[in-house]
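Undergrad: Below are the structure tokens for one structure; questions will follow.
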Amino acid sequence: MKRIQTTATWLAIRLALGVLGLHCISAHAATPLVIVAAEDVYGNVARSLGGPHVSVTSILTNPDQDPHLFEVSPSVARAVAGAAIVVSNGIGYDPWMAALVAATLAHGSPPRSILVVADLVGRHAGDNPHLWYDPVTMPSYARALAAQLSRQDPANAVDYAARLAQVLATIAPVAVRVAALKSRYAGTPVTATEPVFGAMASALGLDMHNQRFQLAVMNDTEPAVSDIAMMEQDLRLGRVRLLFFNSQATDSAAQRLRAVAQRAGIPVVGVTETEPHGLDYTQWMLADLDAVDHALDRPRGHP
Ligand SMILES: [Zn+2]
């Protein structure tokens with residue numbers, strides 16, 4: 001995770017709020033309820049839960065960009081200032097959202113509800129922030145958001161409950177598939193350029209190698225020479241069965257390792273930070289789980 005809370009970011013937030021003249025703007029819970037989600041994976045579930053009663057804007061939506069490098073613009077500040085419900089991932093993944101919310105509250109906007117997904121699943125600063133790859137996250141988030149919608153819009157509570165049941169049913173196949181793959185592949189040694197898939201890998205019981213290396217890449221620091229050597233050896237000597245590769249944050253070290261894996265005949269599975277266009281959450285997770293199954297379901301040394 002590239003921490004980019006630079007002076008420029010804070011300046012952009014202040015400028016954005018200044019442009020808005022937030023001292024005279026108040027946020028209403030009008031009809032439909034306006035929801036702003038930092039990440040599209042949470043925004044899309046909000047859309048399914050709220051149906052016609054909500055209007056949802058997601059901020060991070062571009063699968064070709066690295067979300068860790070996101071810069072706040074005035075239009076983002078404007079969207080947050082007008083929201084009845086704000087959703088963020090938390091634990092350092094989207095610090096700009098907390099800053100925007102704090103700034104709008106300081107300017108006298110009425111309290112709005114803020115769902116921090118990390119809090120819902122008991123994660124703390126320093127934990128792996130790629131929470132959507134943990135199969136427990138989305139059901140917890142859906143339940144919490146449905147409860148919040150019913151509190152803020154009790155007239156439609158029955159509809160929110162029905163929609164929650166539908167969303168949970170749609171997500172359920174992910175846990176089923178995780179259990180099936182776990183019974184087959186638990187203990188299989190794998191590695192990754194970054195810890196994006198980490199929570200899912202541990203739900204699958206995979207033996208994840210080189211975690212120090214991955215954290216260094218995520219935090220945009222240089223991995224230790226010994227950690228780089230260990231990673232390369234794992235790939236060259238075939239001590240791991242697959243390499244997870246963050247297709248959205250491709251620094252040159254990661255690309256080189258992908259080439260090392262390919263030369264050694266080790267399958268590479270691309271994973272992303274942002275929901276791929278055209279797929280819903282369940283389709284996204286199942287596509288990634290299919291790729292893992294395909295990569296591991298073959299004899300060693302036969303690419
Ligand atoms: Zn990341």
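All residue names refer to the structure tokens as shown: chains lettered A, B, ... in order, residues numbered from 1 in each chain, ligands numbered from 1 in order.
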Mind checking DSSP for range 110-196 of chain A and telling me the helix (DSSP H, G or I) residues as a PyMOL selection string?
TA: chain A and resi 117-120+131-133+137-152+154-185+195-196
Undergrad: Quick one: residues within 10 Å of Leu296 in chain A, only C-alpha atoms, excluding same-chain residues fewer than 5 positions away - as a PyMOL selection string?
TA: chain A and resi 181+184-185+188+190+241-242+266-267+290-291
Undergrad: Could you pull out the residues sitting within 7 Å of ligand 1, using only C-alpha atoms and all ligand atoms, and write them as an mmCIF file with all heavy atoms, in the first residue's frame?
TA:
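selection_29.cif, freshly written:
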data_model
loop_
_atom_site.group_PDB
_atom_site.id
_atom_site.type_symbol
_atom_site.label_atom_id
_atom_site.label_comp_id
_atom_site.auth_asym_id
_atom_site.auth_seq_id
_atom_site.Cartn_x
_atom_site.Cartn_y
_atom_site.Cartn_z
ATOM 1 N N MET A 1 0.854 -1.175 0.000
ATOM 2 C CA MET A 1 0.000 0.000 0.000
ATOM 3 C C MET A 1 0.886 1.220 0.000
ATOM 4 O O MET A 1 1.705 1.407 0.877
ATOM 5 C CB MET A 1 -0.836 -0.053 1.256
ATOM 6 C CG MET A 1 -1.659 1.166 1.493
ATOM 7 S SD MET A 1 -2.784 0.879 2.856
ATOM 8 C CE MET A 1 -1.711 0.210 4.076
ATOM 9 N N HIS A 68 -4.199 2.876 -4.400
ATOM 10 C CA HIS A 68 -3.323 3.445 -3.375
ATOM 11 C C HIS A 68 -2.775 4.802 -3.797
ATOM 12 O O HIS A 68 -2.250 5.537 -2.977
ATOM 13 C CB HIS A 68 -2.159 2.497 -3.084
ATOM 14 C CG HIS A 68 -2.594 1.179 -2.508
ATOM 15 N ND1 HIS A 68 -3.061 1.039 -1.224
ATOM 16 C CD2 HIS A 68 -2.632 -0.060 -3.043
ATOM 17 C CE1 HIS A 68 -3.363 -0.237 -1.003
ATOM 18 N NE2 HIS A 68 -3.119 -0.924 -2.085
ATOM 19 N N HIS A 130 -6.959 -5.308 2.292
ATOM 20 C CA HIS A 130 -7.735 -5.758 1.120
ATOM 21 C C HIS A 130 -8.889 -6.644 1.591
ATOM 22 O O HIS A 130 -8.918 -7.849 1.346
ATOM 23 C CB HIS A 130 -6.814 -6.480 0.138
ATOM 24 C CG HIS A 130 -5.627 -5.654 -0.274
ATOM 25 N ND1 HIS A 130 -4.403 -5.750 0.348
ATOM 26 C CD2 HIS A 130 -5.503 -4.688 -1.215
ATOM 27 C CE1 HIS A 130 -3.558 -4.873 -0.216
ATOM 28 N NE2 HIS A 130 -4.199 -4.226 -1.159
ATOM 29 N N VAL A 196 -2.543 -8.674 -1.744
ATOM 30 C CA VAL A 196 -3.915 -8.330 -2.130
ATOM 31 C C VAL A 196 -4.876 -9.488 -1.845
ATOM 32 O O VAL A 196 -5.959 -9.305 -1.295
ATOM 33 C CB VAL A 196 -3.982 -7.955 -3.628
ATOM 34 C CG1 VAL A 196 -5.404 -7.582 -4.021
ATOM 35 C CG2 VAL A 196 -3.033 -6.831 -3.931
ATOM 36 N N MET A 218 3.838 -3.634 -0.951
ATOM 37 C CA MET A 218 2.591 -2.906 -0.691
ATOM 38 C C MET A 218 2.872 -1.527 -0.106
ATOM 39 O O MET A 218 2.228 -0.547 -0.461
ATOM 40 C CB MET A 218 1.703 -3.708 0.263
ATOM 41 C CG MET A 218 0.377 -3.042 0.578
ATOM 42 S SD MET A 218 -0.663 -3.993 1.715
ATOM 43 C CE MET A 218 -0.152 -3.340 3.294
ATOM 44 N N GLU A 273 -7.566 -4.836 -7.237
ATOM 45 C CA GLU A 273 -8.045 -4.048 -6.103
ATOM 46 C C GLU A 273 -9.470 -3.554 -6.356
ATOM 47 O O GLU A 273 -10.200 -3.264 -5.425
ATOM 48 C CB GLU A 273 -7.146 -2.817 -5.915
ATOM 49 C CG GLU A 273 -5.657 -3.128 -5.942
ATOM 50 C CD GLU A 273 -4.975 -2.873 -4.622
ATOM 51 O OE1 GLU A 273 -5.656 -2.461 -3.664
ATOM 52 O OE2 GLU A 273 -3.763 -3.102 -4.542
#
Undergrad: Need the shell around His124 in chain A: protein/DNA/RNA residues with any atom at most 10 Å away, counting only C-alpha atoms. Skip same-chain ones fewer than 6 positions apart. Format as a PyMOL selection string?
TA: chain A and resi 90-92+118
Undergrad: Could you pull out the strand (DSSP E or B) residues of range 24-227 of chain A, going by DSSP on the backbone, and write them as an MDAnalysis selection string?
TA: chainID A and resid 33:39 54:60 85:88 113:116 189:192 207:208
